[in-house]
>>> print(open('data05.cif').read())   # mmCIF, N, CA and C atoms
data_coords
loop_
_atom_site.label_atom_id
_atom_site.label_comp_id
_atom_site.auth_asym_id
_atom_site.auth_seq_id
_atom_site.Cartn_x
_atom_site.Cartn_y
_atom_site.Cartn_z
N MET D 1 -57.16 -3.13 187.03
CA MET D 1 -57.17 -3.54 185.64
C MET D 1 -56.15 -2.69 184.89
N PRO D 2 -55.14 -3.32 184.31
CA PRO D 2 -54.15 -2.57 183.54
C PRO D 2 -54.78 -2.02 182.25
N VAL D 3 -54.47 -0.75 181.96
CA VAL D 3 -55.01 -0.08 180.78
C VAL D 3 -53.85 0.43 179.92
N GLU D 4 -53.97 0.23 178.61
CA GLU D 4 -52.99 0.74 177.66
C GLU D 4 -53.60 1.92 176.92
N LEU D 5 -52.77 2.92 176.62
CA LEU D 5 -53.22 4.07 175.83
C LEU D 5 -52.71 3.90 174.41
N TRP D 6 -53.63 3.93 173.45
CA TRP D 6 -53.29 3.79 172.03
C TRP D 6 -53.74 5.04 171.29
N ASP D 7 -53.36 5.16 170.04
CA ASP D 7 -53.84 6.21 169.15
C ASP D 7 -53.63 7.59 169.78
N ASP D 8 -52.39 7.84 170.20
CA ASP D 8 -52.03 9.13 170.82
C ASP D 8 -52.92 9.49 172.00
N GLY D 9 -53.31 8.49 172.79
CA GLY D 9 -54.12 8.71 173.97
C GLY D 9 -55.61 8.81 173.72
N ASN D 10 -56.04 8.58 172.49
CA ASN D 10 -57.46 8.66 172.14
C ASN D 10 -58.21 7.35 172.34
N LEU D 11 -57.50 6.26 172.64
CA LEU D 11 -58.14 4.97 172.83
C LEU D 11 -57.55 4.32 174.08
N TRP D 12 -58.41 4.06 175.07
CA TRP D 12 -58.01 3.37 176.29
C TRP D 12 -58.39 1.91 176.12
N VAL D 13 -57.46 1.00 176.36
CA VAL D 13 -57.67 -0.42 176.11
C VAL D 13 -57.37 -1.23 177.36
N ASN D 14 -58.32 -2.08 177.74
CA ASN D 14 -58.10 -3.05 178.81
C ASN D 14 -57.02 -4.01 178.29
N SER D 15 -55.87 -4.07 178.98
CA SER D 15 -54.73 -4.86 178.50
C SER D 15 -55.08 -6.32 178.25
N GLU D 16 -56.05 -6.85 178.97
CA GLU D 16 -56.47 -8.24 178.80
C GLU D 16 -57.01 -8.48 177.39
N PHE D 17 -57.54 -7.45 176.74
CA PHE D 17 -58.14 -7.59 175.41
C PHE D 17 -57.30 -6.97 174.30
N ALA D 18 -56.09 -6.49 174.62
CA ALA D 18 -55.26 -5.80 173.65
C ALA D 18 -54.95 -6.66 172.43
N ASP D 19 -54.54 -7.91 172.63
CA ASP D 19 -54.22 -8.78 171.49
C ASP D 19 -55.44 -9.02 170.61
N ASN D 20 -56.61 -9.18 171.23
CA ASN D 20 -57.84 -9.39 170.46
C ASN D 20 -58.16 -8.18 169.59
N LEU D 21 -58.02 -6.99 170.15
CA LEU D 21 -58.31 -5.78 169.38
C LEU D 21 -57.31 -5.60 168.24
N ARG D 22 -56.03 -5.85 168.52
CA ARG D 22 -55.01 -5.75 167.46
C ARG D 22 -55.32 -6.73 166.32
N GLN D 23 -55.65 -7.96 166.69
CA GLN D 23 -55.96 -9.00 165.70
C GLN D 23 -57.15 -8.59 164.83
N ALA D 24 -58.10 -7.89 165.42
CA ALA D 24 -59.29 -7.46 164.69
C ALA D 24 -59.05 -6.16 163.92
N GLY D 25 -57.85 -5.58 164.03
CA GLY D 25 -57.54 -4.33 163.35
C GLY D 25 -58.15 -3.12 164.02
N LEU D 26 -58.52 -3.26 165.28
CA LEU D 26 -59.16 -2.17 166.02
C LEU D 26 -58.11 -1.47 166.88
N ASN D 27 -57.17 -0.79 166.22
CA ASN D 27 -56.06 -0.18 166.94
C ASN D 27 -56.13 1.34 167.00
N SER D 28 -57.30 1.91 166.67
CA SER D 28 -57.49 3.35 166.78
C SER D 28 -58.94 3.63 167.20
N ALA D 29 -59.15 4.82 167.72
CA ALA D 29 -60.51 5.21 168.12
C ALA D 29 -61.43 5.21 166.89
N ALA D 30 -60.92 5.64 165.75
CA ALA D 30 -61.74 5.68 164.53
C ALA D 30 -62.12 4.27 164.08
N ALA D 31 -61.20 3.32 164.22
CA ALA D 31 -61.50 1.93 163.83
C ALA D 31 -62.58 1.34 164.73
N VAL D 32 -62.51 1.62 166.03
CA VAL D 32 -63.53 1.11 166.95
C VAL D 32 -64.87 1.78 166.65
N TRP D 33 -64.86 3.09 166.42
CA TRP D 33 -66.09 3.82 166.11
C TRP D 33 -66.76 3.27 164.86
N GLY D 34 -65.97 2.88 163.87
CA GLY D 34 -66.50 2.38 162.61
C GLY D 34 -66.95 0.94 162.64
N LEU D 35 -66.75 0.25 163.74
CA LEU D 35 -67.15 -1.15 163.86
C LEU D 35 -68.65 -1.27 163.67
N ARG D 36 -69.07 -2.19 162.84
CA ARG D 36 -70.50 -2.37 162.55
C ARG D 36 -71.07 -3.50 163.40
N GLY D 37 -72.32 -3.34 163.77
CA GLY D 37 -73.00 -4.35 164.55
C GLY D 37 -74.50 -4.13 164.48
N GLU D 38 -75.22 -4.91 165.26
CA GLU D 38 -76.68 -4.83 165.30
C GLU D 38 -77.09 -3.82 166.38
N SER D 39 -77.87 -2.83 165.99
CA SER D 39 -78.34 -1.83 166.95
C SER D 39 -79.27 -2.49 167.96
N VAL D 40 -78.98 -2.30 169.25
CA VAL D 40 -79.82 -2.90 170.28
C VAL D 40 -80.53 -1.86 171.13
N LYS D 41 -80.03 -0.62 171.11
CA LYS D 41 -80.68 0.40 171.93
C LYS D 41 -80.28 1.79 171.44
N LYS D 42 -81.27 2.61 171.22
CA LYS D 42 -81.03 4.01 170.91
C LYS D 42 -82.21 4.80 171.44
N VAL D 43 -82.14 5.15 172.70
CA VAL D 43 -83.24 5.84 173.37
C VAL D 43 -83.21 7.33 173.02
N VAL D 44 -82.02 7.89 172.95
CA VAL D 44 -81.87 9.31 172.62
C VAL D 44 -80.87 9.45 171.49
N ARG D 45 -80.92 10.60 170.81
CA ARG D 45 -80.03 10.83 169.68
C ARG D 45 -78.56 10.87 170.07
N GLN D 46 -78.27 11.24 171.31
CA GLN D 46 -76.88 11.44 171.72
C GLN D 46 -76.10 10.15 171.97
N ARG D 47 -76.78 9.00 172.04
CA ARG D 47 -76.03 7.76 172.25
C ARG D 47 -76.82 6.56 171.73
N GLY D 48 -76.06 5.54 171.35
CA GLY D 48 -76.66 4.31 170.87
C GLY D 48 -75.77 3.13 171.21
N THR D 49 -76.35 1.95 171.27
CA THR D 49 -75.60 0.74 171.62
C THR D 49 -75.79 -0.29 170.52
N ALA D 50 -74.69 -0.93 170.13
CA ALA D 50 -74.74 -1.97 169.11
C ALA D 50 -74.07 -3.24 169.64
N ARG D 51 -74.60 -4.39 169.25
CA ARG D 51 -73.99 -5.67 169.59
C ARG D 51 -73.01 -6.00 168.46
N VAL D 52 -71.76 -6.29 168.81
CA VAL D 52 -70.73 -6.59 167.82
C VAL D 52 -70.09 -7.94 168.15
N THR D 53 -69.43 -8.52 167.18
CA THR D 53 -68.70 -9.77 167.38
C THR D 53 -67.21 -9.50 167.17
N LEU D 54 -66.41 -9.90 168.14
CA LEU D 54 -64.96 -9.71 168.08
C LEU D 54 -64.25 -11.05 168.04
N PRO D 55 -63.24 -11.19 167.18
CA PRO D 55 -62.46 -12.43 167.17
C PRO D 55 -61.51 -12.45 168.37
N LEU D 56 -61.42 -13.59 169.03
CA LEU D 56 -60.49 -13.76 170.14
C LEU D 56 -59.19 -14.35 169.62
N ALA D 57 -58.12 -14.18 170.40
CA ALA D 57 -56.81 -14.66 169.99
C ALA D 57 -56.79 -16.16 169.75
N ASP D 58 -57.66 -16.92 170.43
CA ASP D 58 -57.67 -18.38 170.28
C ASP D 58 -58.57 -18.85 169.13
N GLY D 59 -59.09 -17.91 168.33
CA GLY D 59 -59.92 -18.27 167.18
C GLY D 59 -61.41 -18.24 167.42
N ARG D 60 -61.82 -18.20 168.70
CA ARG D 60 -63.25 -18.11 169.00
C ARG D 60 -63.74 -16.69 168.77
N MET D 61 -65.07 -16.53 168.76
CA MET D 61 -65.67 -15.21 168.62
C MET D 61 -66.34 -14.83 169.94
N ALA D 62 -66.33 -13.56 170.26
CA ALA D 62 -66.95 -13.07 171.50
C ALA D 62 -67.94 -11.97 171.16
N GLU D 63 -69.06 -11.98 171.86
CA GLU D 63 -70.05 -10.93 171.71
C GLU D 63 -69.69 -9.78 172.64
N ALA D 64 -69.76 -8.57 172.12
CA ALA D 64 -69.47 -7.38 172.92
C ALA D 64 -70.48 -6.30 172.55
N TYR D 65 -70.52 -5.26 173.34
CA TYR D 65 -71.43 -4.15 173.08
C TYR D 65 -70.62 -2.87 172.90
N LEU D 66 -70.97 -2.14 171.89
CA LEU D 66 -70.29 -0.89 171.56
C LEU D 66 -71.27 0.25 171.81
N LYS D 67 -70.93 1.11 172.74
CA LYS D 67 -71.79 2.26 173.05
C LYS D 67 -71.15 3.49 172.45
N ARG D 68 -71.90 4.17 171.59
CA ARG D 68 -71.41 5.37 170.93
C ARG D 68 -72.13 6.59 171.51
N TYR D 69 -71.34 7.61 171.82
CA TYR D 69 -71.88 8.89 172.27
C TYR D 69 -71.66 9.89 171.15
N TYR D 70 -72.70 10.59 170.77
CA TYR D 70 -72.63 11.59 169.72
C TYR D 70 -72.58 12.98 170.36
N PRO D 71 -72.07 13.97 169.64
CA PRO D 71 -72.00 15.32 170.22
C PRO D 71 -73.37 15.83 170.67
N VAL D 72 -73.36 16.53 171.78
CA VAL D 72 -74.58 17.12 172.33
C VAL D 72 -74.80 18.47 171.65
N GLY D 73 -76.02 18.70 171.19
CA GLY D 73 -76.34 19.95 170.51
C GLY D 73 -76.48 21.12 171.47
N LEU D 74 -76.50 22.31 170.91
CA LEU D 74 -76.60 23.53 171.71
C LEU D 74 -77.87 23.55 172.54
N GLY D 75 -79.00 23.12 171.98
CA GLY D 75 -80.27 23.10 172.71
C GLY D 75 -80.19 22.24 173.96
N GLU D 76 -79.56 21.07 173.84
CA GLU D 76 -79.41 20.17 174.99
C GLU D 76 -78.48 20.79 176.04
N LYS D 77 -77.42 21.46 175.58
CA LYS D 77 -76.51 22.12 176.53
C LYS D 77 -77.23 23.21 177.31
N ILE D 78 -78.05 24.00 176.62
CA ILE D 78 -78.80 25.07 177.29
C ILE D 78 -79.79 24.48 178.28
N LYS D 79 -80.49 23.41 177.86
CA LYS D 79 -81.46 22.76 178.75
C LYS D 79 -80.77 22.25 180.02
N CYS D 80 -79.63 21.61 179.88
CA CYS D 80 -78.89 21.12 181.04
C CYS D 80 -78.43 22.28 181.91
N TRP D 81 -77.95 23.35 181.29
CA TRP D 81 -77.49 24.52 182.04
C TRP D 81 -78.62 25.12 182.84
N LEU D 82 -79.80 25.26 182.23
CA LEU D 82 -80.96 25.82 182.92
C LEU D 82 -81.43 24.93 184.08
N ASN D 83 -81.23 23.62 183.95
CA ASN D 83 -81.62 22.68 185.00
C ASN D 83 -80.48 22.38 185.98
N LEU D 84 -79.38 23.13 185.83
CA LEU D 84 -78.20 22.98 186.69
C LEU D 84 -77.66 21.55 186.68
N LYS D 85 -77.67 20.94 185.49
CA LYS D 85 -77.13 19.59 185.31
C LYS D 85 -75.98 19.65 184.32
N PRO D 86 -74.97 18.79 184.49
CA PRO D 86 -73.90 18.76 183.49
C PRO D 86 -74.39 18.07 182.22
N ALA D 87 -73.97 18.57 181.07
CA ALA D 87 -74.32 17.95 179.79
C ALA D 87 -73.43 16.72 179.59
N THR D 88 -74.03 15.57 179.35
CA THR D 88 -73.27 14.35 179.09
C THR D 88 -72.75 14.42 177.67
N SER D 89 -71.44 14.42 177.52
CA SER D 89 -70.88 14.56 176.18
C SER D 89 -69.85 13.48 175.86
N GLY D 90 -69.98 12.33 176.45
CA GLY D 90 -69.05 11.26 176.15
C GLY D 90 -69.18 10.11 177.13
N GLY D 91 -68.43 9.08 176.86
CA GLY D 91 -68.50 7.89 177.68
C GLY D 91 -67.42 7.77 178.73
N GLY D 92 -66.65 8.84 178.93
CA GLY D 92 -65.56 8.78 179.91
C GLY D 92 -66.03 8.43 181.31
N GLY D 93 -67.14 9.00 181.73
CA GLY D 93 -67.68 8.70 183.06
C GLY D 93 -68.09 7.25 183.18
N GLU D 94 -68.71 6.72 182.13
CA GLU D 94 -69.13 5.32 182.14
C GLU D 94 -67.90 4.40 182.17
N TRP D 95 -66.86 4.73 181.40
CA TRP D 95 -65.63 3.96 181.41
C TRP D 95 -65.02 3.94 182.81
N ARG D 96 -64.91 5.12 183.44
CA ARG D 96 -64.32 5.19 184.78
C ARG D 96 -65.15 4.40 185.79
N ALA D 97 -66.46 4.43 185.66
CA ALA D 97 -67.33 3.66 186.57
C ALA D 97 -67.11 2.16 186.39
N LEU D 98 -67.03 1.69 185.15
CA LEU D 98 -66.82 0.26 184.91
C LEU D 98 -65.45 -0.20 185.41
N VAL D 99 -64.44 0.64 185.24
CA VAL D 99 -63.11 0.31 185.76
C VAL D 99 -63.15 0.24 187.29
N ALA D 100 -63.86 1.17 187.93
CA ALA D 100 -63.99 1.14 189.39
C ALA D 100 -64.74 -0.10 189.84
N PHE D 101 -65.82 -0.47 189.15
CA PHE D 101 -66.55 -1.70 189.49
C PHE D 101 -65.63 -2.90 189.39
N GLU D 102 -64.83 -2.96 188.33
CA GLU D 102 -63.89 -4.06 188.12
C GLU D 102 -62.90 -4.13 189.28
N ARG D 103 -62.36 -2.97 189.65
CA ARG D 103 -61.37 -2.89 190.74
C ARG D 103 -61.97 -3.34 192.07
N LEU D 104 -63.24 -3.01 192.29
CA LEU D 104 -63.91 -3.37 193.55
C LEU D 104 -64.60 -4.73 193.50
N ALA D 105 -64.44 -5.45 192.39
CA ALA D 105 -65.04 -6.78 192.18
C ALA D 105 -66.56 -6.74 192.27
N ILE D 106 -67.15 -5.65 191.78
CA ILE D 106 -68.60 -5.54 191.70
C ILE D 106 -69.03 -6.08 190.34
N PRO D 107 -69.90 -7.08 190.31
CA PRO D 107 -70.30 -7.66 189.02
C PRO D 107 -70.91 -6.61 188.09
N SER D 108 -70.39 -6.55 186.89
CA SER D 108 -70.85 -5.60 185.89
C SER D 108 -70.30 -6.03 184.54
N LEU D 109 -70.48 -5.18 183.54
CA LEU D 109 -69.87 -5.43 182.24
C LEU D 109 -68.36 -5.27 182.37
N THR D 110 -67.61 -6.00 181.57
CA THR D 110 -66.16 -5.86 181.56
C THR D 110 -65.79 -4.83 180.51
N PRO D 111 -65.15 -3.73 180.91
CA PRO D 111 -64.76 -2.72 179.92
C PRO D 111 -63.62 -3.23 179.06
N ILE D 112 -63.76 -3.09 177.75
CA ILE D 112 -62.74 -3.54 176.81
C ILE D 112 -61.93 -2.35 176.30
N ALA D 113 -62.61 -1.31 175.86
CA ALA D 113 -61.94 -0.13 175.34
C ALA D 113 -62.87 1.06 175.36
N ALA D 114 -62.27 2.24 175.35
CA ALA D 114 -63.03 3.48 175.25
C ALA D 114 -62.21 4.44 174.41
N GLY D 115 -62.88 5.18 173.57
CA GLY D 115 -62.17 6.11 172.70
C GLY D 115 -62.82 7.46 172.68
N ARG D 116 -62.06 8.42 172.16
CA ARG D 116 -62.61 9.77 171.98
C ARG D 116 -62.16 10.33 170.66
#
>>> encode(input="data05.cif", output="structure tokens")
Amino acid sequence: MPVELWDDGNLWVNSEFADNLRQAGLNSAAAVWGLRGESVKKVVRQRGTARVTLPLADGRMAEAYLKRYYPVGLGEKIKCWLNLKPATSGGGGEWRALVAFERLAIPSLTPIAAGR
């Protein structure tokens, strides 16, 4: 899957969706972060998922999911350290996994973009 780097490397974009994101004005990590949608899941404070609607280049609308990761607090970092686990502090691992699934033709969600 070809990926484009936007916003000084802070936004990774699946090239297949680049025109759609540009058309929607989502050309920076901050613009994607600020996208509003319906909250569908927030199990822990550190991350939440929202359902959003994106305009497609052909005029149709597409449903997508935006997963936001929030900074991990000091207490969570200490807890992970004591349990010898890495503290999850972003969606980079999830992005890399989805790209690998795509490359291996394993059915999963299609990654559109990831930002930091």
>>> resolve_selection(input="data05.cif", expression="the PyMOL selection byres ((chain D and resi 49) around 7)", output="ChimeraX atom specification")
/D:38-43,47-48,50-51,65-68
>>> write_last_selection(input="data05.cif", atoms="N, CA and C atoms", output="PDB file, in the frame of the given file")
ATOM      1  N   GLU D  38     -75.220  -4.910 165.260  1.00  0.00           N
ATOM      2  CA  GLU D  38     -76.680  -4.830 165.300  1.00  0.00           C
ATOM      3  C   GLU D  38     -77.090  -3.820 166.380  1.00  0.00           C
ATOM      4  N   SER D  39     -77.870  -2.830 165.990  1.00  0.00           N
ATOM      5  CA  SER D  39     -78.340  -1.830 166.950  1.00  0.00           C
ATOM      6  C   SER D  39     -79.270  -2.490 167.960  1.00  0.00           C
ATOM      7  N   VAL D  40     -78.980  -2.300 169.250  1.00  0.00           N
ATOM      8  CA  VAL D  40     -79.820  -2.900 170.280  1.00  0.00           C
ATOM      9  C   VAL D  40     -80.530  -1.860 171.130  1.00  0.00           C
ATOM     10  N   LYS D  41     -80.030  -0.620 171.110  1.00  0.00           N
ATOM     11  CA  LYS D  41     -80.680   0.400 171.930  1.00  0.00           C
ATOM     12  C   LYS D  41     -80.280   1.790 171.440  1.00  0.00           C
ATOM     13  N   LYS D  42     -81.270   2.610 171.220  1.00  0.00           N
ATOM     14  CA  LYS D  42     -81.030   4.010 170.910  1.00  0.00           C
ATOM     15  C   LYS D  42     -82.210   4.800 171.440  1.00  0.00           C
ATOM     16  N   VAL D  43     -82.140   5.150 172.700  1.00  0.00           N
ATOM     17  CA  VAL D  43     -83.240   5.840 173.370  1.00  0.00           C
ATOM     18  C   VAL D  43     -83.210   7.330 173.020  1.00  0.00           C
ATOM     19  N   ARG D  47     -76.780   9.000 172.040  1.00  0.00           N
ATOM     20  CA  ARG D  47     -76.030   7.760 172.250  1.00  0.00           C
ATOM     21  C   ARG D  47     -76.820   6.560 171.730  1.00  0.00           C
ATOM     22  N   GLY D  48     -76.060   5.540 171.350  1.00  0.00           N
ATOM     23  CA  GLY D  48     -76.660   4.310 170.870  1.00  0.00           C
ATOM     24  C   GLY D  48     -75.770   3.130 171.210  1.00  0.00           C
ATOM     25  N   ALA D  50     -74.690  -0.930 170.130  1.00  0.00           N
ATOM     26  CA  ALA D  50     -74.740  -1.970 169.110  1.00  0.00           C
ATOM     27  C   ALA D  50     -74.070  -3.240 169.640  1.00  0.00           C
ATOM     28  N   ARG D  51     -74.600  -4.390 169.250  1.00  0.00           N
ATOM     29  CA  ARG D  51     -73.990  -5.670 169.590  1.00  0.00           C
ATOM     30  C   ARG D  51     -73.010  -6.000 168.460  1.00  0.00           C
ATOM     31  N   TYR D  65     -70.520  -5.260 173.340  1.00  0.00           N
ATOM     32  CA  TYR D  65     -71.430  -4.150 173.080  1.00  0.00           C
ATOM     33  C   TYR D  65     -70.620  -2.870 172.900  1.00  0.00           C
ATOM     34  N   LEU D  66     -70.970  -2.140 171.890  1.00  0.00           N
ATOM     35  CA  LEU D  66     -70.290  -0.890 171.560  1.00  0.00           C
ATOM     36  C   LEU D  66     -71.270   0.250 171.810  1.00  0.00           C
ATOM     37  N   LYS D  67     -70.930   1.110 172.740  1.00  0.00           N
ATOM     38  CA  LYS D  67     -71.790   2.260 173.050  1.00  0.00           C
ATOM     39  C   LYS D  67     -71.150   3.490 172.450  1.00  0.00           C
ATOM     40  N   ARG D  68     -71.900   4.170 171.590  1.00  0.00           N
ATOM     41  CA  ARG D  68     -71.410   5.370 170.930  1.00  0.00           C
ATOM     42  C   ARG D  68     -72.130   6.590 171.510  1.00  0.00           C
TER      43      ARG D  68
END
>>> residues_around(input="data05.cif", residues="stretch 22-33 of chain D", least_positions_apart="6", cutoff="7 Å", atoms="all atoms listed in the file", output="list in words")
Trp6, Asp7, Asn10, Leu11, Leu54, Pro55, Ala114, Gly115 and Arg116 of chain D
>>> atom_distance(input="data05.cif", atom1="atom CA of D:Pro86", atom2="atom CA of D:Val72")
11.3 Å
>>> closest_residue(input="data05.cif", among="D:Ile112, D:Ala97, D:Val13, D:Leu21", to="D:Ala57", atoms="all atoms listed in the file")
D:Leu21
>>> select_by_dssp(input="data05.cif", residues="chain D", states="helix (DSSP H, G or I)", output="PyMOL selection string")
chain D and resi 7-9+15-23+29-33+74-82+92-103
>>> select_by_dssp(input="data05.cif", residues="stretch 29-89 of chain D", states="strand (DSSP E)", output="list in words")
Glu38, Ser39, Val40, Lys41, Lys42, Val43, Val44, Arg47, Gly48, Thr49, Ala50, Arg51, Val52, Thr53, Leu54, Pro55, Met61, Ala62, Glu63, Ala64, Tyr65, Leu66, Lys67, Arg68 and Tyr69 of chain D
>>> resolve_selection(input="data05.cif", expression="the PyMOL selection byres ((chain D and resi 111) around 7)", output="MDAnalysis selection string")
chainID D and resid 13:14 95 98:99 108:110 112:114
>>> resolve_selection(input="data05.cif", expression="the PyMOL selection byres ((chain D and resi 3) around 5)", output="number ranges by chain")
D: 1-2, 4-5, 13-15
>>> atom_distance(input="data05.cif", atom1="atom N of D:Leu56", atom2="atom C of D:Asp19")
7.7 Å
>>> atom_distance(input="data05.cif", atom1="atom CA of D:Trp12", atom2="atom CA of D:Gly92")
10.0 Å
>>> residues_near_point(input="data05.cif", point="(-72.7, 15.4, 169.2)", cutoff="8 Å", atoms="only N, CA and C atoms", output="JSON list (two decimals) with N, CA and C atoms, in the frame of the given file")
[["chain", "number", "residue", "atom", "x", "y", "z"],
["D", 45, "ARG", "N", -80.92, 10.60, 170.81],
["D", 45, "ARG", "CA", -80.03, 10.83, 169.68],
["D", 45, "ARG", "C", -78.56, 10.87, 170.07],
["D", 46, "GLN", "N", -78.27, 11.24, 171.31],
["D", 46, "GLN", "CA", -76.88, 11.44, 171.72],
["D", 46, "GLN", "C", -76.10, 10.15, 171.97],
["D", 69, "TYR", "N", -71.34, 7.61, 171.82],
["D", 69, "TYR", "CA", -71.88, 8.89, 172.27],
["D", 69, "TYR", "C", -71.66, 9.89, 171.15],
["D", 70, "TYR", "N", -72.70, 10.59, 170.77],
["D", 70, "TYR", "CA", -72.63, 11.59, 169.72],
["D", 70, "TYR", "C", -72.58, 12.98, 170.36],
["D", 71, "PRO", "N", -72.07, 13.97, 169.64],
["D", 71, "PRO", "CA", -72.00, 15.32, 170.22],
["D", 71, "PRO", "C", -73.37, 15.83, 170.67],
["D", 72, "VAL", "N", -73.36, 16.53, 171.78],
["D", 72, "VAL", "CA", -74.58, 17.12, 172.33],
["D", 72, "VAL", "C", -74.80, 18.47, 171.65],
["D", 73, "GLY", "N", -76.02, 18.70, 171.19],
["D", 73, "GLY", "CA", -76.34, 19.95, 170.51],
["D", 73, "GLY", "C", -76.48, 21.12, 171.47],
["D", 89, "SER", "N", -71.44, 14.42, 177.52],
["D", 89, "SER", "CA", -70.88, 14.56, 176.18],
["D", 89, "SER", "C", -69.85, 13.48, 175.86]]
>>> closest_residue(input="data05.cif", among="D:Asn20, D:Glu94, D:Ile106, D:Val44", to="D:Asp58", atoms="all atoms listed in the file")
D:Asn20
>>> closest_residue(input="data05.cif", among="D:Trp81, D:Glu102, D:Glu76, D:Gly37", to="D:Glu63", atoms="only C-alpha atoms")
D:Gly37
>>> decode(input="data05.cif", residues="stretch 60-66 of chain D", atoms="all heavy atoms", output="PDB file, in the first residue's frame")
ATOM      1  N   ARG D  60     -19.881  10.802  -3.426  1.00  0.00           N
ATOM      2  CA  ARG D  60     -20.527   9.959  -2.415  1.00  0.00           C
ATOM      3  C   ARG D  60     -19.888  10.200  -1.058  1.00  0.00           C
ATOM      4  O   ARG D  60     -18.840  10.818  -0.956  1.00  0.00           O
ATOM      5  CB  ARG D  60     -20.387   8.478  -2.785  1.00  0.00           C
ATOM      6  CG  ARG D  60     -21.132   8.083  -4.048  1.00  0.00           C
ATOM      7  CD  ARG D  60     -20.968   6.604  -4.393  1.00  0.00           C
ATOM      8  NE  ARG D  60     -19.565   6.288  -4.620  1.00  0.00           N
ATOM      9  CZ  ARG D  60     -18.915   5.275  -4.055  1.00  0.00           C
ATOM     10  NH1 ARG D  60     -19.529   4.439  -3.256  1.00  0.00           N
ATOM     11  NH2 ARG D  60     -17.647   5.055  -4.310  1.00  0.00           N
ATOM     12  N   MET D  61     -20.548   9.687  -0.011  1.00  0.00           N
ATOM     13  CA  MET D  61     -20.018   9.790   1.344  1.00  0.00           C
ATOM     14  C   MET D  61     -19.605   8.400   1.811  1.00  0.00           C
ATOM     15  O   MET D  61     -20.230   7.408   1.444  1.00  0.00           O
ATOM     16  CB  MET D  61     -21.071  10.366   2.296  1.00  0.00           C
ATOM     17  CG  MET D  61     -21.573  11.754   1.889  1.00  0.00           C
ATOM     18  SD  MET D  61     -20.271  12.985   1.847  1.00  0.00           S
ATOM     19  CE  MET D  61     -20.210  13.444   3.553  1.00  0.00           C
ATOM     20  N   ALA D  62     -18.565   8.322   2.618  1.00  0.00           N
ATOM     21  CA  ALA D  62     -18.080   7.044   3.143  1.00  0.00           C
ATOM     22  C   ALA D  62     -18.008   7.126   4.658  1.00  0.00           C
ATOM     23  O   ALA D  62     -17.620   8.146   5.218  1.00  0.00           O
ATOM     24  CB  ALA D  62     -16.713   6.717   2.571  1.00  0.00           C
ATOM     25  N   GLU D  63     -18.385   6.030   5.294  1.00  0.00           N
ATOM     26  CA  GLU D  63     -18.273   5.937   6.745  1.00  0.00           C
ATOM     27  C   GLU D  63     -16.871   5.442   7.088  1.00  0.00           C
ATOM     28  O   GLU D  63     -16.357   4.517   6.471  1.00  0.00           O
ATOM     29  CB  GLU D  63     -19.314   4.958   7.266  1.00  0.00           C
ATOM     30  CG  GLU D  63     -19.390   4.886   8.765  1.00  0.00           C
ATOM     31  CD  GLU D  63     -20.511   3.963   9.212  1.00  0.00           C
ATOM     32  OE1 GLU D  63     -20.239   2.753   9.361  1.00  0.00           O
ATOM     33  OE2 GLU D  63     -21.634   4.452   9.398  1.00  0.00           O
ATOM     34  N   ALA D  64     -16.264   6.084   8.073  1.00  0.00           N
ATOM     35  CA  ALA D  64     -14.932   5.687   8.525  1.00  0.00           C
ATOM     36  C   ALA D  64     -14.897   5.781  10.044  1.00  0.00           C
ATOM     37  O   ALA D  64     -15.814   6.339  10.666  1.00  0.00           O
ATOM     38  CB  ALA D  64     -13.871   6.595   7.902  1.00  0.00           C
ATOM     39  N   TYR D  65     -13.861   5.233  10.623  1.00  0.00           N
ATOM     40  CA  TYR D  65     -13.696   5.274  12.073  1.00  0.00           C
ATOM     41  C   TYR D  65     -12.398   5.982  12.415  1.00  0.00           C
ATOM     42  O   TYR D  65     -11.372   5.735  11.787  1.00  0.00           O
ATOM     43  CB  TYR D  65     -13.711   3.861  12.657  1.00  0.00           C
ATOM     44  CG  TYR D  65     -15.068   3.234  12.531  1.00  0.00           C
ATOM     45  CD1 TYR D  65     -15.411   2.508  11.391  1.00  0.00           C
ATOM     46  CD2 TYR D  65     -16.038   3.415  13.508  1.00  0.00           C
ATOM     47  CE1 TYR D  65     -16.672   1.962  11.249  1.00  0.00           C
ATOM     48  CE2 TYR D  65     -17.309   2.874  13.363  1.00  0.00           C
ATOM     49  CZ  TYR D  65     -17.611   2.149  12.238  1.00  0.00           C
ATOM     50  OH  TYR D  65     -18.869   1.629  12.098  1.00  0.00           O
ATOM     51  N   LEU D  66     -12.479   6.869  13.362  1.00  0.00           N
ATOM     52  CA  LEU D  66     -11.327   7.650  13.801  1.00  0.00           C
ATOM     53  C   LEU D  66     -10.986   7.214  15.216  1.00  0.00           C
ATOM     54  O   LEU D  66     -11.807   7.346  16.127  1.00  0.00           O
ATOM     55  CB  LEU D  66     -11.669   9.143  13.777  1.00  0.00           C
ATOM     56  CG  LEU D  66     -10.625  10.105  14.312  1.00  0.00           C
ATOM     57  CD1 LEU D  66      -9.351  10.033  13.482  1.00  0.00           C
ATOM     58  CD2 LEU D  66     -11.177  11.522  14.302  1.00  0.00           C
TER      59      LEU D  66
END
